[in-house]
Each structure stands twice: as structure tokens, then as C-alpha cells.
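Here is the file query-v6.txt (compact mmCIF, C-alpha atoms).
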# COMPACT_ATOMS: atom_id res chain seq x y z
CA MET A 169 23.63 8.19 -3.39
CA ALA A 170 20.78 7.41 -0.97
CA GLN A 171 22.40 9.40 1.81
CA GLY A 172 22.71 12.48 -0.38
CA ILE A 173 20.73 14.00 -3.17
CA VAL A 174 18.97 11.69 -5.61
CA GLU A 175 18.89 13.32 -9.01
CA ARG A 176 15.52 13.98 -10.60
CA PRO A 177 14.45 11.26 -12.99
CA ALA A 178 14.37 12.00 -16.70
CA SER A 179 10.90 12.00 -18.25
CA SER A 180 11.87 8.78 -20.04
CA GLU A 181 12.08 7.05 -16.63
CA TYR A 182 8.33 7.04 -15.97
CA ALA A 183 5.02 6.95 -17.82
CA SER A 184 3.50 10.26 -18.84
CA ALA A 185 0.58 9.49 -16.51
CA PHE A 186 2.97 10.06 -13.60
CA ALA A 187 4.41 13.35 -14.86
CA GLY A 188 2.01 15.35 -12.71
CA TYR A 189 3.16 13.55 -9.56
CA VAL A 190 6.84 14.04 -10.38
CA ALA A 191 6.17 17.74 -11.08
CA LEU A 192 4.81 18.09 -7.54
CA VAL A 193 8.30 17.31 -6.21
CA PRO A 194 10.51 20.31 -7.09
CA GLU A 195 13.01 19.75 -4.29
CA THR A 196 16.24 17.87 -4.91
CA ASP A 197 16.31 15.81 -1.69
CA VAL A 198 13.58 13.24 -2.29
CA MET A 199 14.75 11.21 0.71
CA ALA A 200 14.02 14.08 3.08
CA SER A 201 10.63 14.52 1.42
CA LEU A 202 9.80 10.85 1.80
CA ALA A 203 10.67 10.95 5.50
CA ARG A 204 8.93 14.24 6.23
CA GLN A 205 5.73 13.34 4.45
CA LYS A 206 4.65 10.84 7.10
CA GLY A 207 3.94 13.69 9.48
CA GLU A 208 2.41 15.95 6.84
CA LEU A 209 -0.47 13.58 6.19
CA VAL A 210 -1.14 13.18 9.91
CA GLU A 211 -1.00 16.94 10.47
CA ALA A 212 -3.36 17.70 7.59
CA LEU A 213 -5.95 15.23 8.83
CA SER A 214 -5.64 15.83 12.57
CA PRO A 215 -8.81 18.02 12.69
CA VAL A 216 -10.92 15.18 11.26
CA ARG A 217 -12.80 13.21 13.92
CA GLY A 218 -15.75 10.87 14.26
CA ALA A 219 -18.38 10.80 11.56
CA THR A 220 -16.51 13.40 9.48
CA GLU A 221 -13.97 10.67 8.65
CA ARG A 222 -16.68 9.29 6.35
CA TYR A 223 -17.26 12.62 4.59
CA ARG A 224 -17.54 12.50 0.78
CA TYR A 225 -17.59 15.72 -1.19
CA ALA A 226 -19.92 14.17 -3.78
CA ASP A 227 -21.89 10.99 -4.36
CA GLY A 228 -19.69 8.21 -5.65
CA LYS A 229 -16.47 9.82 -4.36
CA TRP A 230 -14.27 8.19 -1.77
CA SER A 231 -14.60 9.12 1.88
CA ILE A 232 -11.66 10.64 3.71
CA ARG A 233 -10.91 7.20 5.14
CA GLU A 234 -11.03 5.66 1.68
CA VAL A 235 -8.71 8.33 0.24
CA VAL A 236 -6.15 7.50 2.93
CA GLY A 237 -6.70 3.79 2.25
CA HIS A 238 -6.01 4.41 -1.44
CA VAL A 239 -2.83 6.27 -0.51
CA ILE A 240 -1.74 3.26 1.58
CA ASP A 241 -2.51 0.75 -1.19
CA SER A 242 -0.65 2.87 -3.74
CA GLU A 243 2.28 3.32 -1.36
CA ARG A 244 2.58 -0.45 -1.02
CA ILE A 245 2.40 -1.02 -4.77
CA PHE A 246 4.86 1.74 -5.62
CA GLY A 247 7.23 0.49 -2.92
CA TYR A 248 6.98 -3.07 -4.22
CA ARG A 249 7.76 -1.87 -7.71
CA ALA A 250 10.80 0.03 -6.42
CA LEU A 251 12.01 -3.03 -4.51
CA CYS A 252 11.59 -5.36 -7.48
CA ILE A 253 13.35 -3.06 -9.90
CA ALA A 254 16.13 -2.22 -7.43
CA ARG A 255 16.81 -5.93 -7.04
CA GLY A 256 17.07 -6.42 -10.79
CA GLU A 257 13.67 -7.86 -11.62
CA THR A 258 13.34 -8.23 -15.38
CA ALA A 259 9.73 -9.46 -15.51
CA ALA A 260 7.11 -6.84 -16.20
CA LEU A 261 5.20 -5.82 -13.09
CA PRO A 262 1.41 -5.53 -13.28
CA GLY A 263 -0.66 -2.40 -13.10
CA PHE A 264 -3.60 -1.98 -10.75
CA ASP A 265 -7.05 -0.48 -10.90
CA GLU A 266 -7.38 1.84 -7.91
CA ASN A 267 -11.18 1.81 -8.12
CA THR A 268 -11.32 -1.98 -7.94
CA TYR A 269 -8.93 -1.94 -5.00
CA ALA A 270 -11.02 0.69 -3.22
CA ALA A 271 -14.25 -1.23 -3.86
CA ASN A 272 -12.72 -4.33 -2.28
CA ALA A 273 -10.96 -2.71 0.66
CA PRO A 274 -12.50 -2.25 4.12
CA TYR A 275 -10.91 1.17 4.65
CA GLY A 276 -14.26 2.85 5.21
CA ASP A 277 -14.58 0.81 8.40
CA TYR A 278 -11.13 1.67 9.81
CA PRO A 279 -10.73 4.58 12.22
CA LEU A 280 -8.75 7.35 10.53
CA GLY A 281 -6.11 7.24 13.27
CA ASP A 282 -5.42 3.59 12.47
CA LEU A 283 -5.09 4.39 8.78
CA LEU A 284 -2.68 7.23 9.42
CA GLU A 285 -0.57 4.99 11.65
CA GLU A 286 -0.55 2.34 8.95
CA PHE A 287 0.60 4.87 6.35
CA GLU A 288 3.42 6.01 8.65
CA GLN A 289 4.56 2.42 9.14
CA VAL A 290 4.46 1.55 5.44
CA ARG A 291 6.29 4.77 4.52
CA GLU A 292 8.94 4.21 7.19
CA GLY A 293 9.70 0.82 5.64
CA HIS A 294 10.10 2.44 2.23
CA VAL A 295 12.34 5.18 3.60
CA SER A 296 14.55 2.46 5.07
CA LEU A 297 14.58 0.56 1.76
CA PHE A 298 15.54 3.64 -0.26
CA ARG A 299 18.13 4.73 2.30
CA HIS A 300 20.09 1.52 1.77
CA LEU A 301 20.09 1.39 -2.02
CA SER A 302 23.26 1.67 -4.03
CA ARG A 303 23.60 4.24 -6.81
CA GLU A 304 23.23 1.44 -9.34
CA ALA A 305 19.96 0.32 -7.76
CA TRP A 306 18.53 3.87 -7.81
CA LEU A 307 19.23 4.08 -11.55
CA ARG A 308 17.78 0.68 -12.53
CA VAL A 309 14.84 0.75 -14.88
CA GLY A 310 12.16 -1.91 -15.05
CA VAL A 311 8.68 -2.21 -16.47
CA ALA A 312 5.48 -1.63 -14.49
CA ASN A 313 2.03 -1.41 -16.00
CA SER A 314 3.61 -1.83 -19.45
CA ASN A 315 5.80 1.28 -19.04
CA PRO A 316 9.45 1.81 -18.14
CA VAL A 317 10.07 3.18 -14.66
CA SER A 318 13.23 3.71 -12.64
CA VAL A 319 13.66 3.25 -8.92
CA ARG A 320 14.38 6.95 -8.45
CA ALA A 321 11.24 7.81 -10.43
CA MET A 322 9.27 5.60 -8.04
CA ALA A 323 10.53 7.65 -5.08
CA PHE A 324 9.45 10.90 -6.73
CA ILE A 325 6.11 9.38 -7.75
CA MET A 326 5.47 8.26 -4.17
CA VAL A 327 6.02 11.77 -2.80
CA GLY A 328 4.02 13.38 -5.61
CA HIS A 329 1.12 10.95 -5.24
CA VAL A 330 0.70 11.82 -1.56
CA ARG A 331 0.96 15.55 -2.36
CA HIS A 332 -1.70 15.15 -5.03
CA HIS A 333 -4.10 13.62 -2.52
CA LEU A 334 -3.20 16.12 0.19
CA ARG A 335 -4.16 18.86 -2.26
CA ILE A 336 -7.48 17.16 -3.06
CA LEU A 337 -8.18 16.63 0.63
CA GLY A 338 -7.39 20.27 1.32
CA GLU A 339 -9.55 21.59 -1.51
CA ARG A 340 -12.54 19.25 -1.53
CA TYR A 341 -12.79 17.67 1.90
CA LEU A 342 -11.22 19.57 4.73
CA PRO A 343 -13.01 22.92 4.23
CA HIS A 344 -16.24 21.03 4.97
CA VAL A 345 -15.10 19.11 8.04
CA ARG A 346 -12.99 21.55 10.03
CA PRO A 347 -14.37 22.09 13.55

Could I get this file's structure written as C-alpha cells?
Amino acid sequence: MAQGIVERPASSEYASAFAGYVALVPETDVMASLARQKGELVEALSPVRGATERYRYADGKWSIREVVGHVIDSERIFGYRALCIARGETAALPGFDENTYAANAPYGDYPLGDLLEEFEQVREGHVSLFRHLSREAWLRVGVANSNPVSVRAMAFIMVGHVRHHLRILGERYLPHVRP
């Protein structure tokens, strides 16, 4: 199954809070999307340099660096959830508060290039994980943040989450920082 098309998850395979992310993934080959997305984030942010990496479109909003840091943190958490569920974990997995994570992360101090490289590395590990899953593993459902979620839903959520933030970056950040 991992080498071919992974069927879209049913809406019962993820919390309604993630429906928007899943909807951002209309294609049927989520594996190709996972692999391709590494470069999409880098390409979108390639014009950003120097002090503009710290740009915030409003007071109290994350900087570009912090947005990418959030994407990395979420990628790790979503990937961990997929791994646990694929391996048959029956214990409920915890949720996370992205604002608390952002407040306690040093991402604002990291050069954007380092963050983008880190995202690529984390995503590559997840692509490898998903590529080697059996059909049974893709279909397993566990509990994360008190809601059922399948491994295949996690893959779609991961792609949709990055697309969501790429859209926000494109609409609210990049028009103000392009050279």
C-alpha cells in the first residue's frame, strides 16, 4: 500500500479539528505529496533573508522563523503519533498546546536556513517510515488528544498542516518581505 496510492481517510478517522488540513490534500498519492513538500517549503521561503526572517505581520503573532519552528514541532508530533499507532500502541497519546511549545522554543534565534534544513530532515524520516508500512499499519486507528486517528489520516494531516502554513505565509508574511 505504501508504494502505491493510500486511500483518503474517512472523516471518522480524525478529529473534526483536522478536517481543514485533510481537505487541503485533494490528490490521491499522499506519499508523493509528503516527499515533494520538503522542497515546496524551501522554495516558498527562499526570498526571505536576514532581519526579514523575524518579520511578524502583527503584534503577538509568530515570526517567520517561529512559524517554521511550529511546523517542525508539529511534524515531529504528528510523525510520532503515526509511528505509535502503526506499531499498535493502545494507550492514548497526549495532545499539545502549540502556543506553549512556541513560547518555550528557541526558533526565533535559529537562522531560517537551519530551520528549513531541519524540516527537510524530519520530513525525510517520516517519508521513510510511511514508505515501509504495511497496509494493516496504514489502517490502524489509535487515540491522540482524546480523539480517534488513523495512520493514513496522520499522513494527510501532515501534508495539509504544511499547506495551511504555506498559505498563511504567502498571504500574511511574504508580500511584506519580498526583495

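Nearest-residue note for Tyr275 (chain A): choosing from A:Met326, A:Val235, A:Val295, A:Leu307, the minimum distance belongs to A:Val235, counting only C-alpha atoms.
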
(request) Do a neighbour search on Leu192 (chain A) at 9 Å with all atoms listed in the file, toss out local chain neighbours closer than 5 positions, and write the hits as a PyMOL selection string. (result) chain A and resi 187+324-325+327-329+331-332

Requested write-out: C-alpha atoms of the selected residues, as an mmCIF file, in the frame of the given file:
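The file below, result.cif, is the result:
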data_model
loop_
_atom_site.group_PDB
_atom_site.id
_atom_site.type_symbol
_atom_site.label_atom_id
_atom_site.label_comp_id
_atom_site.auth_asym_id
_atom_site.auth_seq_id
_atom_site.Cartn_x
_atom_site.Cartn_y
_atom_site.Cartn_z
ATOM 1 C CA ALA A 187 4.410 13.350 -14.860
ATOM 2 C CA PHE A 324 9.450 10.900 -6.730
ATOM 3 C CA ILE A 325 6.110 9.380 -7.750
ATOM 4 C CA VAL A 327 6.020 11.770 -2.800
ATOM 5 C CA GLY A 328 4.020 13.380 -5.610
ATOM 6 C CA HIS A 329 1.120 10.950 -5.240
ATOM 7 C CA ARG A 331 0.960 15.550 -2.360
ATOM 8 C CA HIS A 332 -1.700 15.150 -5.030
#

(message) If I take CA of Arg222 (chain A) and CA of Glu288 (chain A), how far is one from the other in Å, to one decimal?
(response)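 Taking CA of Arg222 (chain A) and CA of Glu288 (chain A), their separation equals 20.5 Å.
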
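Minimum atom-to-atom distances from A:Ala321, A:Leu334, A:Ala312, A:Val216 to Val198 (chain A) were compared using all atoms listed in the file, and the lowest value belongs to A:Ala321.
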
(request) Give the answer as one residue: which of A:Asn272, A:Thr196, A:Ser179, A:Ser214 has the shortest atom-to-atom distance to Leu284 (chain A), using only C-alpha atoms? (result) A:Ser214

(message) To one decimal place in Å, what is the distance between CA of Ala259 (chain A) and CA of Gly188 (chain A)?
(response)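 So the answer is 26.1 Å.
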
(request) Tell me which of A:Asn315, A:Phe287, A:Trp230, A:Arg299 sits closest to Glu208 (chain A), counting only C-alpha atoms. (result)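 Nearest candidate to Glu208 (chain A) out of A:Asn315, A:Phe287, A:Trp230, A:Arg299: A:Phe287.
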
(request) Find the residues around Tyr269 (chain A) up to 12 Å (all atoms listed in the file counted), leave out those fewer than 2 positions away in its own chain, and share them as an MDAnalysis selection string. (result) chainID A and resid 230 234:235 237:242 245 263:267 271:275

Output file for the selection above: C-alpha atoms, as an mmCIF file, in the coordinates of the input:
data_model
loop_
_atom_site.group_PDB
_atom_site.id
_atom_site.type_symbol
_atom_site.label_atom_id
_atom_site.label_comp_id
_atom_site.auth_asym_id
_atom_site.auth_seq_id
_atom_site.Cartn_x
_atom_site.Cartn_y
_atom_site.Cartn_z
ATOM 1 C CA TRP A 230 -14.270 8.190 -1.770
ATOM 2 C CA GLU A 234 -11.030 5.660 1.680
ATOM 3 C CA VAL A 235 -8.710 8.330 0.240
ATOM 4 C CA GLY A 237 -6.700 3.790 2.250
ATOM 5 C CA HIS A 238 -6.010 4.410 -1.440
ATOM 6 C CA VAL A 239 -2.830 6.270 -0.510
ATOM 7 C CA ILE A 240 -1.740 3.260 1.580
ATOM 8 C CA ASP A 241 -2.510 0.750 -1.190
ATOM 9 C CA SER A 242 -0.650 2.870 -3.740
ATOM 10 C CA ILE A 245 2.400 -1.020 -4.770
ATOM 11 C CA GLY A 263 -0.660 -2.400 -13.100
ATOM 12 C CA PHE A 264 -3.600 -1.980 -10.750
ATOM 13 C CA ASP A 265 -7.050 -0.480 -10.900
ATOM 14 C CA GLU A 266 -7.380 1.840 -7.910
ATOM 15 C CA ASN A 267 -11.180 1.810 -8.120
ATOM 16 C CA ALA A 271 -14.250 -1.230 -3.860
ATOM 17 C CA ASN A 272 -12.720 -4.330 -2.280
ATOM 18 C CA ALA A 273 -10.960 -2.710 0.660
ATOM 19 C CA PRO A 274 -12.500 -2.250 4.120
ATOM 20 C CA TYR A 275 -10.910 1.170 4.650
#

(request) To one decimal in Å, tell me the separation between CA of Ala226 (chain A) and CA of Phe186 (chain A). (result)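 Going from CA of Ala226 (chain A) over to CA of Phe186 (chain A) covers 25.2 Å.
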
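By chain and then residue number, the residues within 10 Å of Ala178 (chain A) are A:Glu175, A:Glu181, A:Tyr182, A:Ser318, A:Arg320, A:Ala321, counting all atoms listed in the file and disregarding those fewer than 3 positions away in sequence.
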
Kindly save the residues from that selection, with C-alpha atoms included, as an mmCIF file, in the frame of the given file.
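Saved to selection.cif:
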data_model
loop_
_atom_site.group_PDB
_atom_site.id
_atom_site.type_symbol
_atom_site.label_atom_id
_atom_site.label_comp_id
_atom_site.auth_asym_id
_atom_site.auth_seq_id
_atom_site.Cartn_x
_atom_site.Cartn_y
_atom_site.Cartn_z
ATOM 1 C CA GLU A 175 18.890 13.320 -9.010
ATOM 2 C CA GLU A 181 12.080 7.050 -16.630
ATOM 3 C CA TYR A 182 8.330 7.040 -15.970
ATOM 4 C CA SER A 318 13.230 3.710 -12.640
ATOM 5 C CA ARG A 320 14.380 6.950 -8.450
ATOM 6 C CA ALA A 321 11.240 7.810 -10.430
#

(message) Could you list, as JSON, numbers by chain, every residue within 8 Å of Tyr341 (chain A), counting all atoms listed in the file and ignoring same-chain residues fewer than 6 positions away?
(response) {"A": [223, 224, 225, 232]}

(message) With all atoms listed in the file as the counted atoms, please give the residues lying no more than 12 Å from Pro215 (chain A), apart from itself and same-chain residues fewer than 4 positions off, as a ChimeraX atom specification.
(response) /A:209-211,220-221,232,280-281,338,341-347

(request) Considering all atoms listed in the file, state which residue in the set A:Glu243, A:Glu339, A:Glu304, A:Glu257 is at the smallest distance from Gln289 (chain A). (result)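 Distance minimum relative to Gln289 (chain A) lands on A:Glu243.
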
(request) Find, counting all atoms listed in the file, the residue in A:Leu297, A:Val290, A:Leu337, A:Leu251 that gets nearest to Val319 (chain A). (result)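 Selected residue with least distance to Val319 (chain A): A:Leu251.
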
Final all heavy atoms of region 267-278 of chain A as a PDB file, in the frame of the given file:
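The new file selection-v5.pdb reads:
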ATOM      1  N   ASN A 267      -9.755   1.865  -8.454  1.00  0.00           N
ATOM      2  CA  ASN A 267     -11.180   1.810  -8.120  1.00  0.00           C
ATOM      3  C   ASN A 267     -11.601   0.403  -7.702  1.00  0.00           C
ATOM      4  O   ASN A 267     -12.405   0.240  -6.784  1.00  0.00           O
ATOM      5  CB  ASN A 267     -12.028   2.329  -9.273  1.00  0.00           C
ATOM      6  CG  ASN A 267     -11.827   3.817  -9.457  1.00  0.00           C
ATOM      7  OD1 ASN A 267     -11.907   4.594  -8.511  1.00  0.00           O
ATOM      8  ND2 ASN A 267     -11.529   4.229 -10.683  1.00  0.00           N
ATOM      9  N   THR A 268     -11.049  -0.603  -8.348  1.00  0.00           N
ATOM     10  CA  THR A 268     -11.320  -1.980  -7.940  1.00  0.00           C
ATOM     11  C   THR A 268     -10.748  -2.244  -6.557  1.00  0.00           C
ATOM     12  O   THR A 268     -11.405  -2.861  -5.713  1.00  0.00           O
ATOM     13  CB  THR A 268     -10.739  -2.978  -8.969  1.00  0.00           C
ATOM     14  OG1 THR A 268     -11.348  -2.731 -10.236  1.00  0.00           O
ATOM     15  CG2 THR A 268     -10.986  -4.412  -8.546  1.00  0.00           C
ATOM     16  N   TYR A 269      -9.532  -1.765  -6.329  1.00  0.00           N
ATOM     17  CA  TYR A 269      -8.930  -1.940  -5.000  1.00  0.00           C
ATOM     18  C   TYR A 269      -9.785  -1.257  -3.939  1.00  0.00           C
ATOM     19  O   TYR A 269     -10.061  -1.829  -2.883  1.00  0.00           O
ATOM     20  CB  TYR A 269      -7.507  -1.353  -4.972  1.00  0.00           C
ATOM     21  CG  TYR A 269      -6.435  -2.284  -5.489  1.00  0.00           C
ATOM     22  CD1 TYR A 269      -6.561  -2.927  -6.708  1.00  0.00           C
ATOM     23  CD2 TYR A 269      -5.289  -2.499  -4.751  1.00  0.00           C
ATOM     24  CE1 TYR A 269      -5.564  -3.761  -7.178  1.00  0.00           C
ATOM     25  CE2 TYR A 269      -4.286  -3.337  -5.211  1.00  0.00           C
ATOM     26  CZ  TYR A 269      -4.425  -3.969  -6.427  1.00  0.00           C
ATOM     27  OH  TYR A 269      -3.440  -4.803  -6.882  1.00  0.00           O
ATOM     28  N   ALA A 270     -10.223  -0.046  -4.196  1.00  0.00           N
ATOM     29  CA  ALA A 270     -11.020   0.690  -3.220  1.00  0.00           C
ATOM     30  C   ALA A 270     -12.354  -0.015  -2.962  1.00  0.00           C
ATOM     31  O   ALA A 270     -12.814  -0.082  -1.814  1.00  0.00           O
ATOM     32  CB  ALA A 270     -11.251   2.123  -3.702  1.00  0.00           C
ATOM     33  N   ALA A 271     -12.959  -0.552  -4.013  1.00  0.00           N
ATOM     34  CA  ALA A 271     -14.250  -1.230  -3.860  1.00  0.00           C
ATOM     35  C   ALA A 271     -14.118  -2.506  -3.026  1.00  0.00           C
ATOM     36  O   ALA A 271     -15.096  -2.955  -2.424  1.00  0.00           O
ATOM     37  CB  ALA A 271     -14.828  -1.555  -5.233  1.00  0.00           C
ATOM     38  N   ASN A 272     -12.929  -3.069  -2.988  1.00  0.00           N
ATOM     39  CA  ASN A 272     -12.720  -4.330  -2.280  1.00  0.00           C
ATOM     40  C   ASN A 272     -11.928  -4.182  -0.990  1.00  0.00           C
ATOM     41  O   ASN A 272     -11.527  -5.182  -0.395  1.00  0.00           O
ATOM     42  CB  ASN A 272     -12.030  -5.334  -3.209  1.00  0.00           C
ATOM     43  CG  ASN A 272     -12.964  -5.792  -4.292  1.00  0.00           C
ATOM     44  OD1 ASN A 272     -13.924  -6.491  -4.039  1.00  0.00           O
ATOM     45  ND2 ASN A 272     -12.715  -5.348  -5.516  1.00  0.00           N
ATOM     46  N   ALA A 273     -11.715  -2.966  -0.568  1.00  0.00           N
ATOM     47  CA  ALA A 273     -10.960  -2.710   0.660  1.00  0.00           C
ATOM     48  C   ALA A 273     -11.915  -2.263   1.768  1.00  0.00           C
ATOM     49  O   ALA A 273     -12.879  -1.552   1.500  1.00  0.00           O
ATOM     50  CB  ALA A 273      -9.906  -1.623   0.412  1.00  0.00           C
ATOM     51  N   PRO A 274     -11.626  -2.627   2.998  1.00  0.00           N
ATOM     52  CA  PRO A 274     -12.500  -2.250   4.120  1.00  0.00           C
ATOM     53  C   PRO A 274     -12.141  -0.912   4.755  1.00  0.00           C
ATOM     54  O   PRO A 274     -12.492  -0.660   5.901  1.00  0.00           O
ATOM     55  CB  PRO A 274     -12.271  -3.399   5.105  1.00  0.00           C
ATOM     56  CG  PRO A 274     -10.831  -3.765   4.892  1.00  0.00           C
ATOM     57  CD  PRO A 274     -10.610  -3.595   3.393  1.00  0.00           C
ATOM     58  N   TYR A 275     -11.425  -0.052   4.043  1.00  0.00           N
ATOM     59  CA  TYR A 275     -10.910   1.170   4.650  1.00  0.00           C
ATOM     60  C   TYR A 275     -11.992   2.083   5.225  1.00  0.00           C
ATOM     61  O   TYR A 275     -11.748   2.813   6.171  1.00  0.00           O
ATOM     62  CB  TYR A 275     -10.039   1.947   3.669  1.00  0.00           C
ATOM     63  CG  TYR A 275      -8.734   1.258   3.370  1.00  0.00           C
ATOM     64  CD1 TYR A 275      -8.343   1.011   2.064  1.00  0.00           C
ATOM     65  CD2 TYR A 275      -7.894   0.841   4.391  1.00  0.00           C
ATOM     66  CE1 TYR A 275      -7.137   0.383   1.791  1.00  0.00           C
ATOM     67  CE2 TYR A 275      -6.691   0.203   4.124  1.00  0.00           C
ATOM     68  CZ  TYR A 275      -6.317  -0.018   2.817  1.00  0.00           C
ATOM     69  OH  TYR A 275      -5.131  -0.648   2.560  1.00  0.00           O
ATOM     70  N   GLY A 276     -13.186   2.042   4.674  1.00  0.00           N
ATOM     71  CA  GLY A 276     -14.260   2.850   5.210  1.00  0.00           C
ATOM     72  C   GLY A 276     -14.652   2.477   6.624  1.00  0.00           C
ATOM     73  O   GLY A 276     -15.279   3.262   7.331  1.00  0.00           O
ATOM     74  N   ASP A 277     -14.265   1.283   7.045  1.00  0.00           N
ATOM     75  CA  ASP A 277     -14.580   0.810   8.400  1.00  0.00           C
ATOM     76  C   ASP A 277     -13.445   1.022   9.385  1.00  0.00           C
ATOM     77  O   ASP A 277     -13.618   0.749  10.566  1.00  0.00           O
ATOM     78  CB  ASP A 277     -14.920  -0.693   8.358  1.00  0.00           C
ATOM     79  CG  ASP A 277     -16.136  -0.983   7.501  1.00  0.00           C
ATOM     80  OD1 ASP A 277     -17.039  -0.127   7.439  1.00  0.00           O
ATOM     81  OD2 ASP A 277     -16.181  -2.066   6.884  1.00  0.00           O
ATOM     82  N   TYR A 278     -12.281   1.473   8.923  1.00  0.00           N
ATOM     83  CA  TYR A 278     -11.130   1.670   9.810  1.00  0.00           C
ATOM     84  C   TYR A 278     -11.162   3.082  10.388  1.00  0.00           C
ATOM     85  O   TYR A 278     -11.388   4.038   9.642  1.00  0.00           O
ATOM     86  CB  TYR A 278      -9.810   1.547   9.034  1.00  0.00           C
ATOM     87  CG  TYR A 278      -9.409   0.187   8.540  1.00  0.00           C
ATOM     88  CD1 TYR A 278     -10.265  -0.888   8.513  1.00  0.00           C
ATOM     89  CD2 TYR A 278      -8.124  -0.005   8.059  1.00  0.00           C
ATOM     90  CE1 TYR A 278      -9.860  -2.119   8.036  1.00  0.00           C
ATOM     91  CE2 TYR A 278      -7.704  -1.235   7.584  1.00  0.00           C
ATOM     92  CZ  TYR A 278      -8.586  -2.289   7.570  1.00  0.00           C
ATOM     93  OH  TYR A 278      -8.168  -3.515   7.094  1.00  0.00           O
TER      94      TYR A 278
END
